Every structure is written in structure tokens, then in C-alpha cells.
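The structure file protein.csv is reproduced below (CSV, C-alpha atoms and all ligand atoms).
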```
chain,number,residue,atom,x,y,z
A,1,MET,CA,0.0,0.0,0.0
A,2,LYS,CA,1.3,3.4,-1.0
A,3,LYS,CA,1.7,5.9,1.8
A,4,VAL,CA,-1.5,7.5,2.9
A,5,GLN,CA,-0.1,11.0,2.2
A,6,GLU,CA,0.8,10.0,-1.3
A,7,THR,CA,-2.6,8.5,-1.9
A,8,ASP,CA,-4.2,11.7,-0.6
A,9,ARG,CA,-2.4,13.8,-3.2
A,10,VAL,CA,-3.3,11.4,-6.0
A,11,ILE,CA,-7.0,11.4,-5.1
A,12,ARG,CA,-7.2,15.2,-4.9
A,13,GLY,CA,-5.6,15.3,-8.4
A,14,TRP,CA,-8.3,12.9,-9.7
A,15,LEU,CA,-11.0,15.1,-8.2
A,16,GLU,CA,-9.6,18.3,-9.7
A,17,GLU,CA,-9.4,16.7,-13.1
A,18,VAL,CA,-12.9,15.3,-13.0
A,19,ARG,CA,-14.2,18.7,-11.8
A,20,MET,CA,-12.6,20.5,-14.8
A,21,ASP,CA,-14.4,18.1,-17.1
A,22,VAL,CA,-17.7,18.6,-15.4
A,23,LEU,CA,-17.4,22.4,-15.7
A,24,LYS,CA,-16.7,22.1,-19.4
A,25,GLU,CA,-19.3,19.4,-20.1
A,26,MET,CA,-22.1,21.2,-18.2
A,27,GLN,CA,-22.0,23.9,-20.9
A,28,ASP,CA,-23.6,21.5,-23.3
A,29,PRO,CA,-27.2,20.1,-23.0
A,30,LEU,CA,-27.3,17.2,-20.5
A,31,ALA,CA,-28.5,13.8,-21.5
A,32,ILE,CA,-30.9,13.1,-18.6
A,33,SER,CA,-32.8,9.8,-17.9
A,34,GLU,CA,-35.1,8.7,-15.1
A,35,LYS,CA,-34.1,5.7,-12.9
A,36,SER,CA,-36.9,4.7,-10.5
A,37,SER,CA,-39.0,7.9,-10.8
A,38,ARG,CA,-39.0,11.5,-12.2
A,39,LYS,CA,-37.2,12.5,-9.0
A,40,ASP,CA,-34.4,9.9,-9.4
A,41,LEU,CA,-32.3,11.1,-12.3
A,42,VAL,CA,-29.0,10.2,-13.9
A,43,THR,CA,-27.1,12.2,-16.4
A,44,ASN,CA,-24.3,11.6,-18.9
A,45,ILE,CA,-22.0,13.3,-16.4
A,46,ASP,CA,-22.8,11.0,-13.5
A,47,LYS,CA,-21.9,8.1,-15.9
A,48,SER,CA,-18.8,9.6,-17.4
A,49,ASN,CA,-17.5,10.7,-14.0
A,50,GLU,CA,-17.8,7.2,-12.7
A,51,LYS,CA,-16.0,5.7,-15.7
A,52,LYS,CA,-13.1,8.2,-15.2
A,53,LEU,CA,-12.8,7.5,-11.5
A,54,VAL,CA,-13.0,3.7,-12.0
A,55,ASN,CA,-10.2,4.0,-14.6
A,56,PHE,CA,-8.0,6.1,-12.2
A,57,ILE,CA,-8.6,3.6,-9.4
A,58,ARG,CA,-7.9,0.5,-11.5
A,59,GLN,CA,-4.6,1.9,-12.6
A,60,PHE,CA,-3.6,3.0,-9.1
A,61,ASP,CA,-4.8,0.0,-7.1
A,62,PRO,CA,-5.4,-2.8,-9.6
A,63,GLU,CA,-6.3,-5.5,-7.0
A,64,ALA,CA,-9.0,-3.4,-5.4
A,65,ARG,CA,-12.7,-3.7,-5.8
A,66,ILE,CA,-14.9,-0.7,-6.6
A,67,LEU,CA,-18.5,-0.1,-5.5
A,68,GLY,CA,-20.0,2.8,-7.5
A,69,GLU,CA,-23.6,4.0,-7.8
A,70,GLU,CA,-23.8,3.8,-11.6
A,71,GLY,CA,-22.5,0.2,-11.9
A,72,SER,CA,-19.2,0.7,-13.7
A,73,GLY,CA,-17.4,-0.9,-10.8
A,74,ASP,CA,-17.6,-4.4,-9.3
A,75,VAL,CA,-20.3,-6.4,-7.5
A,76,VAL,CA,-19.0,-6.0,-3.9
A,77,GLN,CA,-20.5,-8.3,-1.3
A,78,ASP,CA,-17.9,-8.0,1.5
A,79,MET,CA,-15.5,-5.4,2.8
A,80,LYS,CA,-12.3,-7.6,2.7
A,81,GLY,CA,-9.1,-6.0,1.3
A,82,HIS,CA,-9.2,-2.7,-0.6
A,83,VAL,CA,-12.7,-1.5,-1.3
A,84,TRP,CA,-13.2,1.9,-3.0
A,85,ILE,CA,-16.8,3.3,-2.7
A,86,ILE,CA,-17.6,6.2,-5.1
A,87,ASP,CA,-20.5,8.5,-5.8
A,88,PRO,CA,-19.6,10.1,-9.1
A,89,LEU,CA,-22.2,12.9,-8.7
A,90,ASP,CA,-24.1,13.3,-5.5
A,91,GLY,CA,-27.1,15.5,-5.7
A,92,THR,CA,-28.0,14.8,-9.3
A,93,LEU,CA,-31.4,16.5,-9.0
A,94,ASN,CA,-29.6,19.7,-7.7
A,95,PHE,CA,-27.1,19.4,-10.6
A,96,VAL,CA,-30.0,19.3,-13.1
A,97,LYS,CA,-32.2,21.9,-11.5
A,98,GLN,CA,-29.7,24.3,-9.9
A,99,ARG,CA,-26.3,23.6,-11.4
A,100,ASP,CA,-25.1,23.9,-7.8
A,101,ASN,CA,-25.1,22.0,-4.5
A,102,PHE,CA,-23.6,18.8,-5.8
A,103,ALA,CA,-20.6,16.8,-4.9
A,104,ILE,CA,-18.2,14.0,-6.0
A,105,MET,CA,-17.3,11.5,-3.3
A,106,ILE,CA,-14.6,8.9,-3.0
A,107,ALA,CA,-13.8,6.6,0.0
A,108,LEU,CA,-11.2,3.9,0.5
A,109,TYR,CA,-11.8,1.1,3.1
A,110,ILE,CA,-9.2,-1.6,3.9
A,111,ASP,CA,-10.6,-4.7,5.6
A,112,GLY,CA,-13.7,-2.7,6.6
A,113,LYS,CA,-11.7,0.2,8.2
A,114,GLY,CA,-12.1,3.7,6.7
A,115,ILE,CA,-8.7,4.9,5.5
A,116,LEU,CA,-9.4,8.0,3.3
A,117,GLY,CA,-12.6,9.9,2.4
A,118,TYR,CA,-13.2,12.8,0.0
A,119,ILE,CA,-16.2,15.1,-0.6
A,120,MET,CA,-15.6,17.6,-3.4
A,121,ASP,CA,-18.1,20.6,-3.4
A,122,VAL,CA,-17.8,21.1,-7.2
A,123,MET,CA,-19.1,24.6,-7.7
A,124,HIS,CA,-17.2,26.0,-4.7
A,125,ASP,CA,-14.0,24.1,-5.7
A,126,ILE,CA,-13.4,22.8,-2.2
A,127,ILE,CA,-12.3,19.3,-1.3
A,128,TYR,CA,-12.9,18.1,2.2
A,129,GLY,CA,-10.6,15.0,2.5
A,130,GLY,CA,-8.4,12.9,4.7
A,131,GLY,CA,-8.8,10.2,7.3
A,132,PRO,CA,-7.7,9.0,10.7
A,133,GLU,CA,-4.0,8.9,9.9
A,134,ILE,CA,-3.7,12.4,8.5
A,135,GLY,CA,-6.8,14.4,9.8
A,136,VAL,CA,-9.3,16.3,7.6
A,137,PHE,CA,-8.1,19.1,5.3
A,138,THR,CA,-9.3,21.4,2.6
A,139,ASP,CA,-6.6,22.9,0.4
A,140,THR,CA,-6.2,25.8,2.8
A,141,GLN,CA,-7.4,24.6,6.2
A,142,LYS,CA,-7.2,21.7,8.7
A,143,LEU,CA,-10.6,21.1,10.2
A,144,ARG,CA,-11.0,20.7,14.0
A,145,THR,CA,-13.7,18.8,15.8
A,146,PRO,CA,-16.9,20.9,15.8
A,147,ASP,CA,-18.3,22.0,19.2
A,148,ASN,CA,-20.3,19.2,20.8
A,149,LEU,CA,-23.7,21.0,20.4
A,150,THR,CA,-27.0,19.6,21.8
A,151,LEU,CA,-30.0,19.2,19.5
A,152,ARG,CA,-31.6,22.4,20.6
A,153,GLU,CA,-28.4,24.4,20.0
A,154,GLY,CA,-28.1,23.9,16.3
A,155,LEU,CA,-29.5,23.3,12.8
A,156,LEU,CA,-30.3,19.8,11.7
A,157,GLY,CA,-30.1,18.6,8.1
A,158,VAL,CA,-32.9,16.2,7.1
A,159,SER,CA,-34.2,14.3,4.2
A,160,GLY,CA,-37.4,15.9,2.8
A,161,PRO,CA,-39.4,12.7,2.4
A,162,MET,CA,-38.5,11.5,5.9
A,163,LEU,CA,-39.7,14.8,7.4
A,164,VAL,CA,-42.9,14.7,5.4
A,165,HIS,CA,-43.6,11.1,6.5
A,166,ASP,CA,-42.6,11.9,10.1
A,167,ARG,CA,-40.2,9.0,10.3
A,168,TYR,CA,-38.5,8.7,13.7
A,169,HIS,CA,-40.8,11.5,15.0
A,170,LEU,CA,-38.7,13.9,12.8
A,171,GLN,CA,-41.3,16.6,13.2
A,172,ALA,CA,-40.9,16.6,17.0
A,173,ILE,CA,-37.1,16.5,16.5
A,174,ASP,CA,-37.4,19.5,14.2
A,175,GLU,CA,-39.4,21.4,16.9
A,176,ALA,CA,-36.7,20.5,19.5
A,177,SER,CA,-33.8,21.7,17.3
A,178,SER,CA,-33.1,25.3,16.3
A,179,GLY,CA,-34.5,24.4,12.9
A,180,VAL,CA,-34.1,22.0,10.0
A,181,ARG,CA,-32.5,22.4,6.6
A,182,ILE,CA,-33.0,20.3,3.5
A,183,ILE,CA,-30.1,20.6,1.0
A,184,GLY,CA,-30.6,17.6,-1.3
A,185,SER,CA,-27.1,16.3,-1.5
A,186,ALA,CA,-25.8,13.9,1.2
A,187,GLY,CA,-22.2,15.1,0.5
A,188,ILE,CA,-23.0,18.8,1.0
A,189,GLU,CA,-25.0,17.9,4.1
A,190,PHE,CA,-22.0,16.0,5.5
A,191,ILE,CA,-19.9,19.1,4.8
A,192,GLN,CA,-22.3,21.2,6.9
A,193,VAL,CA,-21.8,18.9,9.9
A,194,LEU,CA,-18.0,18.6,9.4
A,195,THR,CA,-17.7,22.3,9.5
A,196,GLY,CA,-20.0,22.8,12.4
A,197,LYS,CA,-22.7,24.7,10.4
A,198,GLN,CA,-25.2,22.0,11.3
A,199,ASN,CA,-25.1,19.7,14.3
A,200,GLY,CA,-26.5,16.7,12.5
A,201,TYR,CA,-28.0,15.2,9.4
A,202,ILE,CA,-30.6,12.4,9.1
A,203,SER,CA,-31.4,10.6,5.8
A,204,HIS,CA,-32.0,7.3,4.2
A,205,LEU,CA,-28.7,6.7,2.4
A,206,MET,CA,-26.9,4.2,0.2
A,207,PRO,CA,-23.3,3.2,0.9
A,208,TRP,CA,-21.9,5.6,-1.7
A,209,ASP,CA,-23.9,8.5,-0.1
A,210,PHE,CA,-22.2,8.0,3.3
A,211,ALA,CA,-18.9,6.1,2.8
A,212,ALA,CA,-16.7,9.2,2.5
A,213,GLY,CA,-18.6,11.3,5.0
A,214,LYS,CA,-18.4,8.6,7.6
A,215,ILE,CA,-14.6,8.5,7.5
A,216,LEU,CA,-14.3,12.2,7.7
A,217,SER,CA,-16.9,12.6,10.4
A,218,GLU,CA,-15.4,9.9,12.6
A,219,THR,CA,-11.9,11.4,12.2
A,220,LEU,CA,-13.4,14.6,13.7
A,221,GLU,CA,-15.1,12.6,16.5
A,222,LEU,CA,-18.6,13.0,15.2
A,223,SER,CA,-20.8,10.0,15.3
A,224,VAL,CA,-22.2,8.1,12.3
A,225,THR,CA,-24.7,5.4,13.1
A,226,LYS,CA,-28.2,4.3,12.2
A,227,VAL,CA,-30.8,6.6,13.6
A,228,ASP,CA,-31.3,4.2,16.6
A,229,GLY,CA,-27.6,4.4,17.4
A,230,THR,CA,-26.6,1.0,16.0
A,231,PRO,CA,-23.7,0.6,13.6
A,232,VAL,CA,-24.4,1.2,9.9
A,233,ASP,CA,-24.0,-1.6,7.3
A,234,MET,CA,-21.5,-0.6,4.7
A,235,LEU,CA,-23.1,-2.7,2.0
A,236,SER,CA,-26.7,-1.8,2.1
A,237,SER,CA,-29.1,1.2,2.6
A,238,ASN,CA,-29.4,2.6,6.1
A,239,ASP,CA,-31.3,5.4,7.9
A,240,VAL,CA,-28.1,7.3,8.8
A,241,LEU,CA,-27.6,9.9,11.6
A,242,VAL,CA,-24.4,11.9,11.5
A,243,SER,CA,-24.1,14.3,14.4
A,244,THR,CA,-22.3,15.6,17.3
A,245,ARG,CA,-22.3,13.2,20.2
A,246,ASN,CA,-24.7,15.3,22.3
A,247,THR,CA,-27.1,15.6,19.4
A,248,GLN,CA,-27.0,11.9,18.9
A,249,LYS,CA,-27.9,11.3,22.5
A,250,ASP,CA,-30.8,13.7,22.3
A,251,ILE,CA,-32.2,12.2,19.2
A,252,ILE,CA,-31.9,8.6,20.4
A,253,ASN,CA,-33.7,9.6,23.6
A,254,MET,CA,-36.5,11.2,21.5
A,255,ILE,CA,-37.1,8.2,19.3
A,256,ARG,CA,-37.1,5.6,22.1
A,301,LIG,C1,-29.0,11.5,-3.4
A,301,LIG,C2,-28.7,12.7,-2.6
A,301,LIG,C3,-29.9,13.1,-1.7
A,301,LIG,C4,-30.3,12.0,-0.8
A,301,LIG,C5,-30.6,10.7,-1.7
A,301,LIG,C6,-29.4,10.4,-2.5
A,301,LIG,P1,-27.7,11.1,-5.8
A,301,LIG,O1,-27.9,11.1,-4.1
A,301,LIG,O2,-27.6,12.6,-1.8
A,301,LIG,O3,-29.6,14.2,-0.9
A,301,LIG,O4,-31.5,12.3,-0.1
A,301,LIG,O5,-31.0,9.7,-0.8
A,301,LIG,O6,-29.7,9.3,-3.4
A,301,LIG,O7,-28.7,10.0,-6.3
A,301,LIG,O8,-28.1,12.5,-6.2
A,301,LIG,O9,-26.3,10.7,-5.9
A,302,CA,CA,-28.5,8.8,-8.1
A,303,CA,CA,-25.6,10.2,-3.7
A,304,CA,CA,-24.9,9.9,-7.4
```

Can you dump the structure from the file as C-alpha cells?
Ligand code: IPD
Ligand code: CA
Ligand code: CA
Ligand code: CA
Amino acid sequence: MKKVQETDRVIRGWLEEVRMDVLKEMQDPLAISEKSSRKDLVTNIDKSNEKKLVNFIRQFDPEARILGEEGSGDVVQDMKGHVWIIDPLDGTLNFVKQRDNFAIMIALYIDGKGILGYIMDVMHDIIYGGGPEIGVFTDTQKLRTPDNLTLREGLLGVSGPMLVHDRYHLQAIDEASSGVRIIGSAGIEFIQVLTGKQNGYISHLMPWDFAAGKILSETLELSVTKVDGTPVDMLSSNDVLVSTRNTQKDIINMIR
């Protein structure tokens, strides 16, 4: 295994390269198709980003397996050895409707342990990346552990559908917090929690939606679990809660 620092530099280079392509390609009309519904879209750019990232990873780490949302990677059924988990474009609906508030995410796990995670906020050109060995950095800043706010002291990111359907008494949790926010990109939501702008985020997520954010959050001593406080499963969908430890305690008490 190459040194973590060297791998960090290489991954940041991939992200910058893919970002430049996205900025160029989004000048042309997008090819958009529906997956499960009209609210679940995929574009030519989701697919081309994934192909590029898979190629980069295959050249860099040929033995590894790759789990990606759009299926250019491998069928991954366990976390043994090197497993890369990628979301080539997170927040596709935002990308299509807003041309903003979307991310590219990459995570590397070795034997189930999170080694490196990256969330690139494409339109702001900021990469939040790193892991337990090196800490969490942007290009200009080392992130510190956010203040351990309680639920009532901060803003909570939520999934719109979960709030509307009042899953886990989310409407009461909303009342108990300072307010909820709905951004529509798991990656950008994780960034809000990593930077202390929100004290938590609750959503139903697939592995590629939370794999990178989990590594970064845990490096900063934030907790990432299912909403009931049990460990997340890295290979299936989960109702995920990322938050400060005090907010996690408050939410678990409220859903009991
Ligand atoms: C989606 C976004 C959204 C979350 C959905 C994800 P995608 O990812 O992260 O915020 O609520 O569950 O599927 O499909 O745009 O990569
Ligand atoms: Ca998608
Ligand atoms: Ca996603
Ligand atoms: Ca995606």
C-alpha cells in the first residue's frame, strides 16, 4: 500500500481533473434519464465521472474492488481487502435543476476500516478530505472537531421525504432543534456537519452516499450510526444519523 499521504495527493488530483471536465461538459445540454422515478435522475455526467474515477482507481490500485452507484465498478458483497466506494455525482437533482449544491465522493476502506474519504463541493471548488491517519483538510485549512452542540443548540439537516412522513418523530425532532435544513445532497450535508454549520443530518442513504462522509466525520469525533444508534451496514441502505455526540444522545432519547 502506498503511503496515505501520497494516496491523498493522488485522489485530490483525480477530483480536480474530473471537476474541470464537469465544468466544461455542463456547458452542453445534459442527457438526462429517469431511474426509479422522475425525482431519481441520472445524467451523462454521472456516468462519465464514474467511468473516469474507476479507470483512475484501476490503474492506481489494480487489486482493489470498486463499488459505484452507476454500476461501472464491481459487485461488492464484503469489505475484505481494498474497497473503494464512489458516488460520481451526489445531488443529481440539484445538478440538473440548480447547477449547484452537488458533490463528487470517494472513499477507501481496507478490511472494513475507513482509511481515506473525500467530498468535493464542485461549484465552490473545495475538497474536504483525509482520514484517521492524517486528519481532515481542505486545500487551505485543517478542520477541527466541531463544538459538541446539543440538538436544541443547532440546525439539523434532514431528508425531505423522511420529514414529510414523520419518520422517527422527525417533526418533533425539528421542533426540539433550532430548525431543520434540506439541501438535497448527502455530500453537501456532511460538509455542513464537518464544518459545524449544522449539528447533524438524518437521511435514508446508500453506501456511496455516506462512505466518505463517515470516514471524515469519525476522524473529527462526530458519530455516524443508524438513527437508533446501532452501527451502519457498509453494503446496504441505512437510515443514517451523523451528528455531534450530544445531538446523537438527544435524538436517540426522543425516538425511544
Ligand atoms: C441523493 C442525494 C440526496 C439523498 C438521496 C441520494 P444522488 O444522491 O444525496 O440528498 O437524499 O438519498 O440518493 O442520487 O443524487 O447521488
Ligand atoms: Ca442517483
Ligand atoms: Ca448520492
Ligand atoms: Ca450519485

Would you compute the distance between atom O2 of ligand LIG 301 (chain A) and CA of Val96 in chain A? Give it in Å to one decimal.
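Between atom O2 of ligand LIG 301 (chain A) and CA of Val96 in chain A the gap is 13.4 Å.
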
Counting all atoms listed in the file, give me one row per residue of chain A with an atom at most 9 Å from an atom of ligand LIG 301 (chain A), showing the shortest contact pair and its distance in Å to one decimal, sorted by chain then residue number, as JSON lines.
```
{"residue": "A:Asp40", "atom": "CA", "partner": "A:LIG301", "partner_atom": "O7", "distance": 6.5}
{"residue": "A:Leu41", "atom": "CA", "partner": "A:LIG301", "partner_atom": "O7", "distance": 7.1}
{"residue": "A:Val42", "atom": "CA", "partner": "A:LIG301", "partner_atom": "O7", "distance": 7.6}
{"residue": "A:Asp46", "atom": "CA", "partner": "A:LIG301", "partner_atom": "O9", "distance": 8.4}
{"residue": "A:Glu69", "atom": "CA", "partner": "A:LIG301", "partner_atom": "O9", "distance": 7.5}
{"residue": "A:Asp87", "atom": "CA", "partner": "A:LIG301", "partner_atom": "O9", "distance": 6.2}
{"residue": "A:Pro88", "atom": "CA", "partner": "A:LIG301", "partner_atom": "O9", "distance": 7.4}
{"residue": "A:Leu89", "atom": "CA", "partner": "A:LIG301", "partner_atom": "O9", "distance": 5.4}
{"residue": "A:Asp90", "atom": "CA", "partner": "A:LIG301", "partner_atom": "O9", "distance": 3.4}
{"residue": "A:Gly91", "atom": "CA", "partner": "A:LIG301", "partner_atom": "O8", "distance": 3.2}
{"residue": "A:Thr92", "atom": "CA", "partner": "A:LIG301", "partner_atom": "O8", "distance": 3.9}
{"residue": "A:Leu93", "atom": "CA", "partner": "A:LIG301", "partner_atom": "O8", "distance": 5.9}
{"residue": "A:Asn94", "atom": "CA", "partner": "A:LIG301", "partner_atom": "O8", "distance": 7.5}
{"residue": "A:Phe95", "atom": "CA", "partner": "A:LIG301", "partner_atom": "O8", "distance": 8.2}
{"residue": "A:Phe102", "atom": "CA", "partner": "A:LIG301", "partner_atom": "O8", "distance": 7.8}
{"residue": "A:Ala103", "atom": "CA", "partner": "A:LIG301", "partner_atom": "O9", "distance": 8.4}
{"residue": "A:Ile104", "atom": "CA", "partner": "A:LIG301", "partner_atom": "O9", "distance": 8.7}
{"residue": "A:Val158", "atom": "CA", "partner": "A:LIG301", "partner_atom": "O4", "distance": 8.3}
{"residue": "A:Ser159", "atom": "CA", "partner": "A:LIG301", "partner_atom": "O4", "distance": 5.5}
{"residue": "A:Gly160", "atom": "CA", "partner": "A:LIG301", "partner_atom": "O4", "distance": 7.5}
{"residue": "A:Pro161", "atom": "CA", "partner": "A:LIG301", "partner_atom": "O4", "distance": 8.3}
{"residue": "A:Ile182", "atom": "CA", "partner": "A:LIG301", "partner_atom": "O3", "distance": 8.3}
{"residue": "A:Ile183", "atom": "CA", "partner": "A:LIG301", "partner_atom": "O3", "distance": 6.7}
{"residue": "A:Gly184", "atom": "CA", "partner": "A:LIG301", "partner_atom": "O3", "distance": 3.6}
{"residue": "A:Ser185", "atom": "CA", "partner": "A:LIG301", "partner_atom": "O3", "distance": 3.3}
{"residue": "A:Ala186", "atom": "CA", "partner": "A:LIG301", "partner_atom": "O2", "distance": 3.7}
{"residue": "A:Gly187", "atom": "CA", "partner": "A:LIG301", "partner_atom": "O2", "distance": 6.4}
{"residue": "A:Ile188", "atom": "CA", "partner": "A:LIG301", "partner_atom": "O2", "distance": 8.2}
{"residue": "A:Glu189", "atom": "CA", "partner": "A:LIG301", "partner_atom": "O3", "distance": 7.7}
{"residue": "A:Ser203", "atom": "CA", "partner": "A:LIG301", "partner_atom": "O4", "distance": 6.1}
{"residue": "A:His204", "atom": "CA", "partner": "A:LIG301", "partner_atom": "O5", "distance": 5.6}
{"residue": "A:Leu205", "atom": "CA", "partner": "A:LIG301", "partner_atom": "O5", "distance": 5.0}
{"residue": "A:Met206", "atom": "CA", "partner": "A:LIG301", "partner_atom": "O6", "distance": 6.8}
{"residue": "A:Trp208", "atom": "CA", "partner": "A:LIG301", "partner_atom": "O9", "distance": 7.9}
{"residue": "A:Asp209", "atom": "CA", "partner": "A:LIG301", "partner_atom": "O2", "distance": 5.8}
{"residue": "A:Phe210", "atom": "CA", "partner": "A:LIG301", "partner_atom": "O2", "distance": 8.7}
```

| message | Here is a test: counting only C-alpha atoms and all ligand atoms, which residue of A:Gly131, A:Gly157, A:Gly68, A:Gly213 is nearest to ligand CA 302 (chain A)? | response |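 Counting only C-alpha atoms and all ligand atoms, the residue closest to ligand CA 302 (chain A) is A:Gly68.
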
The residue from A:Asn101, A:Gly154, A:Ser37, A:Glu133 with the smallest atom-to-atom distance to ligand CA 303 (chain A), counting only C-alpha atoms and all ligand atoms, is A:Asn101

Between A:Leu23, A:Leu30, A:Ile106, A:Gln77, smallest distance to ligand CA 304 (chain A) by only C-alpha atoms and all ligand atoms belongs to A:Ile106

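Between ligand CA 302 (chain A) and the residues A:Lys47, A:Lys3, A:Lys226, A:Arg12, the shortest atom-to-atom distance, using all atoms listed in the file, involves A:Lys47.
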
- prompt: Which is closest to ligand CA 302 (chain A) among A:Leu15, A:Ser33, A:Lys24, A:Val10, if we use only C-alpha atoms and all ligand atoms?
  reply: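 Going through A:Leu15, A:Ser33, A:Lys24, A:Val10 one by one, the smallest distance to ligand CA 302 (chain A) is for A:Ser33.
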
Counting all atoms listed in the file, the residue among A:Asn44, A:Asn253, A:Gln171, A:Gln27 that lies closest to ligand CA 304 (chain A) is A:Asn44

Scan for residues within 12 Å of the point (-5.9, -1.2, -6.3) in the coordinates of the file, using all atoms listed in the file, and reply as a list in words.
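Checking each residue against the 12 Å limit leaves Met1, Lys2, Thr7, Val54, Asn55, Phe56, Ile57, Arg58, Gln59, Phe60, Asp61, Pro62, Glu63, Ala64, Arg65, Ile66, Gly81, His82, Val83, Trp84, Leu108, Tyr109 and Ile110 of chain A.
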
How close does each residue of range 97-143 of chain A get to range 194-200 of chain A, giving the shortest atom pair and distance in Å to one decimal for every residue with an atom at most 12 Å away, counting all atoms listed in the file, sorted by chain and residue number, as a tab-separated table?
```
residue	atom	partner	partner_atom	distance
A:Ile119	CA	A:Leu194	CA	10.7
A:Tyr128	CA	A:Leu194	CA	8.8
A:Gly129	CA	A:Leu194	CA	10.7
A:Gly135	CA	A:Leu194	CA	12.0
A:Val136	CA	A:Leu194	CA	9.2
A:Phe137	CA	A:Leu194	CA	10.7
A:Thr138	CA	A:Thr195	CA	10.9
A:Gln141	CA	A:Thr195	CA	11.1
A:Lys142	CA	A:Thr195	CA	10.5
A:Leu143	CA	A:Thr195	CA	7.2
```

Using all atoms listed in the file, which residues sit within 6 Å of Val180 in chain A once same-chain residues fewer than 5 positions away are excluded, as a PDB file with C-alpha atoms, in the frame of the given file?
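Below is the file part-v5.pdb, written as the result:
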```pdb
ATOM      1  CA  LEU A 155     -29.500  23.300  12.800  1.00  0.00           C
ATOM      2  CA  LEU A 156     -30.300  19.800  11.700  1.00  0.00           C
ATOM      3  CA  GLY A 157     -30.100  18.600   8.100  1.00  0.00           C
ATOM      4  CA  ASP A 174     -37.400  19.500  14.200  1.00  0.00           C
TER       5      ASP A 174
END
```

Between CA of Ile202 in chain A and CA of Leu163 in chain A lies a distance of 9.6 Å

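Taking CA of Arg9 in chain A as the reference point, CA of Val242 in chain A is found at 26.5 Å.
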
Distance table requested - range 84-181 of chain A against range 237-240 of chain A, cut-off 10 Å, all atoms listed in the file: one row per qualifying residue with the closest atom pair and its distance in Å to one decimal, ordered by chain and rising residue number, as a Markdown table.
```
| residue | atom | partner | partner_atom | distance |
| --- | --- | --- | --- | --- |
| A:Met162 | CA | A:Asp239 | CA | 9.6 |
| A:Arg167 | CA | A:Asp239 | CA | 9.9 |
| A:Tyr168 | CA | A:Asp239 | CA | 9.8 |
```

Leaving out Asn246 in chain A and any residue of its chain fewer than 6 positions from it, which residues lie within 7 Å of it when counting all atoms listed in the file, given as a PDB file with C-alpha atoms, keeping the file's coordinate frame?
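Written file, result.pdb:
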```pdb
ATOM      1  CA  ASN A 148     -20.300  19.200  20.800  1.00  0.00           C
ATOM      2  CA  LEU A 149     -23.700  21.000  20.400  1.00  0.00           C
ATOM      3  CA  THR A 150     -27.000  19.600  21.800  1.00  0.00           C
TER       4      THR A 150
END
```
